[in-house]
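Presented below is the structure to which this report refers.
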Amino acid sequence: MIIGWNIRLTIGITAGLIIFFTFLTGYSAYFNKVTDCGCFGDFIKLKPWQSFYKDLVLLGLVGVMIAGIKHNVPWFSKSFEVKLMSVFTLLTLWFGVYCYRYLPVWDFLPYKVGNNILKVMTDVPEGQRATDSIEISWALYRPNAKGGIDSVVCSTSEFSKKMEEGYQYDDKKSQRRKMVIEGYKSPIHDFAINDESNGADMKDTFLQSTGFQLVWVVPYLESANLSQLDALKTLLEWTKREGMRVYGLSAVSAGPTTAFLKEHDLAMKFYSADQKMLITMARYNPTLYFFKGPVVLGKWSGVDLPSTKQLEKLKKKALGEKTGIAKMFSRKK
């Protein structure tokens, strides 16, 4: 649209998309079917009504484009535009594949590098409520002199008075809740690590740790890319020498994970975790994390594992030690 390539087709397709999504987001907002439109992933979080208003603005802009379509003149010749659009298409496809295999270039997920996941889980942003504000009302009834039923809806403050007047309620049906102000919902609300061998909850052990921790996240054990197993084994040997704790995370039960470790000769232990949590942490199957306590120091796709030197560098940086050129300059000084 910017360069004026095949403008009628481009505007027609864009108009069709915007009209469809305006209807869809409007329906979703009115009937409260979807609470997060997901249009921009984790980059921009839009509530249903916000997404609907956004589509109305886009619909107006498309209307302007349609009204002034005769004024849209291509920037380049047809042959050059075809070449340019081919390049754009290939770059777009390449970028998508690259971010899938090697993790997103710009990470907006709650488990991104630098985040303290304990703080993400517990801190409430300024101006946000820690809990929901809910208005409760009660639908009460009582028999009347004519043999019928009198019904009334009252607030919690009026409840006692109405009960004294002979009203009754069914505790399964009569309480009505209305959201007044929605409380803050942490983007990490399902974090859990469990040791199936003894039933121990490892979440606090992990989050309260002050040491370095290596975490190998495998959402789908049966389809994990294992091309970097040798590199993983080298890292496991290094963590053993360094006395670091290693967590393998999977939603699969203990039997298959034990067989998997034995088959591939991996000196580590798997812990169980919720599948939704795992696919949030690992956008590639598998994904490796390096933590200092609950702080994410590094994050890598399973096809691009780091070397022990990279982890050493991250470790020294986290401890405040100077490395490389900085260390050389400090010696000269």
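Labels for the structure tokens follow display order: chains A, B, ..., residues from 1 in each chain, ligands from 1.
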
Open item on the list: For Lys292 in chain A, find every residue with an atom within 10 Å (counting only C-alpha atoms), except residues of its own chain fewer than 6 positions away, and show them as an NGL selection string.
Closed with: :A and (116 or 207 or 209-214 or 298 or 314-315 or 318-319)

TODO: Skip Trp75 in chain A itself and residues of its chain fewer than 3 positions away, then list as a VMD selection string all residues within 9 Å of it, counting only C-alpha atoms.
DONE: chain A and resid 2 to 5 81

Selection from above, N, CA and C atoms, as a short mmCIF file (atom, residue, chain, number, x, y, z; two decimals), in the first residue's frame, can you write it?
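Below you can see selection_10.cif, which holds the result:
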```
data_model
loop_
_atom_site.label_atom_id
_atom_site.label_comp_id
_atom_site.auth_asym_id
_atom_site.auth_seq_id
_atom_site.Cartn_x
_atom_site.Cartn_y
_atom_site.Cartn_z
N ILE A 2 1.98 1.22 0.74
CA ILE A 2 2.88 2.37 0.82
C ILE A 2 3.48 2.70 -0.55
N ILE A 3 3.93 1.68 -1.27
CA ILE A 3 4.59 1.94 -2.56
C ILE A 3 3.59 1.95 -3.71
N GLY A 4 2.30 1.70 -3.42
CA GLY A 4 1.28 1.75 -4.47
C GLY A 4 1.24 0.54 -5.36
N TRP A 5 1.74 -0.60 -4.87
CA TRP A 5 1.75 -1.82 -5.69
C TRP A 5 0.35 -2.41 -5.81
N GLU A 81 8.46 -3.27 -9.16
CA GLU A 81 7.56 -3.53 -8.02
C GLU A 81 7.44 -5.01 -7.74
#
```

Task: DSSP helix (DSSP H, G or I) residues within range 80-166 of chain A, as a ChimeraX atom specification - done: /A:80-102,117-122,156-164

Open item on the list: Please return, as a PyMOL selection string, all residues of range 1-249 of chain A that DSSP assigns to strand (DSSP E) on the basis of the backbone.
Closed with: chain A and resi 133-143+149-155+175-181+194-195+200-201+212-217+245-249

Keeping only C-alpha atoms, write the selected residues as a PDB file, in the first residue's frame.
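Wrote it out as selection.pdb, contents follow:
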```pdb
ATOM      1  CA  SER A 133     -13.471  -5.336  43.048  1.00  0.00           C
ATOM      2  CA  ILE A 134     -16.716  -7.317  42.899  1.00  0.00           C
ATOM      3  CA  GLU A 135     -20.252  -6.176  43.591  1.00  0.00           C
ATOM      4  CA  ILE A 136     -22.365  -8.971  45.085  1.00  0.00           C
ATOM      5  CA  SER A 137     -26.141  -8.967  44.923  1.00  0.00           C
ATOM      6  CA  TRP A 138     -28.671 -11.492  46.194  1.00  0.00           C
ATOM      7  CA  ALA A 139     -31.803 -12.804  44.524  1.00  0.00           C
ATOM      8  CA  LEU A 140     -34.194 -13.654  47.395  1.00  0.00           C
ATOM      9  CA  TYR A 141     -37.718 -15.012  47.509  1.00  0.00           C
ATOM     10  CA  ARG A 142     -40.554 -15.653  49.983  1.00  0.00           C
ATOM     11  CA  PRO A 143     -44.058 -17.130  49.761  1.00  0.00           C
ATOM     12  CA  ILE A 149     -43.670 -16.122  45.318  1.00  0.00           C
ATOM     13  CA  ASP A 150     -42.312 -12.625  45.946  1.00  0.00           C
ATOM     14  CA  SER A 151     -38.838 -12.043  44.524  1.00  0.00           C
ATOM     15  CA  VAL A 152     -36.351  -9.274  45.262  1.00  0.00           C
ATOM     16  CA  VAL A 153     -32.728  -8.494  44.415  1.00  0.00           C
ATOM     17  CA  CYS A 154     -30.780  -6.769  47.171  1.00  0.00           C
ATOM     18  CA  SER A 155     -27.221  -5.708  47.954  1.00  0.00           C
ATOM     19  CA  GLN A 175     -25.632 -14.985  44.680  1.00  0.00           C
ATOM     20  CA  ARG A 176     -24.815 -12.760  41.723  1.00  0.00           C
ATOM     21  CA  ARG A 177     -21.369 -11.273  41.148  1.00  0.00           C
ATOM     22  CA  LYS A 178     -20.584  -8.282  38.967  1.00  0.00           C
ATOM     23  CA  MET A 179     -17.035  -7.167  38.196  1.00  0.00           C
ATOM     24  CA  VAL A 180     -16.637  -3.478  39.075  1.00  0.00           C
ATOM     25  CA  ILE A 181     -12.859  -3.095  38.736  1.00  0.00           C
ATOM     26  CA  ASN A 194       6.911 -30.733  40.953  1.00  0.00           C
ATOM     27  CA  ASP A 195       9.089 -33.731  41.696  1.00  0.00           C
ATOM     28  CA  ALA A 200       7.666 -32.479  46.455  1.00  0.00           C
ATOM     29  CA  ASP A 201       6.709 -28.969  45.331  1.00  0.00           C
ATOM     30  CA  PHE A 212      22.880 -20.440  39.192  1.00  0.00           C
ATOM     31  CA  GLN A 213      20.355 -22.804  37.636  1.00  0.00           C
ATOM     32  CA  LEU A 214      20.118 -24.424  34.208  1.00  0.00           C
ATOM     33  CA  VAL A 215      16.623 -25.238  32.945  1.00  0.00           C
ATOM     34  CA  TRP A 216      15.898 -27.372  29.871  1.00  0.00           C
ATOM     35  CA  VAL A 217      12.252 -26.901  28.884  1.00  0.00           C
ATOM     36  CA  ARG A 245      21.291 -27.330  39.879  1.00  0.00           C
ATOM     37  CA  VAL A 246      19.727 -28.544  36.619  1.00  0.00           C
ATOM     38  CA  TYR A 247      16.001 -28.773  35.954  1.00  0.00           C
ATOM     39  CA  GLY A 248      14.482 -30.650  33.059  1.00  0.00           C
ATOM     40  CA  LEU A 249      10.845 -29.565  32.674  1.00  0.00           C
TER      41      LEU A 249
END
```

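Of note, CA of Cys99 in chain A and CA of Tyr284 in chain A are spaced 9.3 Å apart.
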
- [ ] Compare A:Tyr53, A:Tyr27, A:Phe88, A:Tyr111 by their minimum atom-to-atom distance to Phe290 in chain A, counting only C-alpha atoms, and give me the closest one.
- [x] A:Tyr111
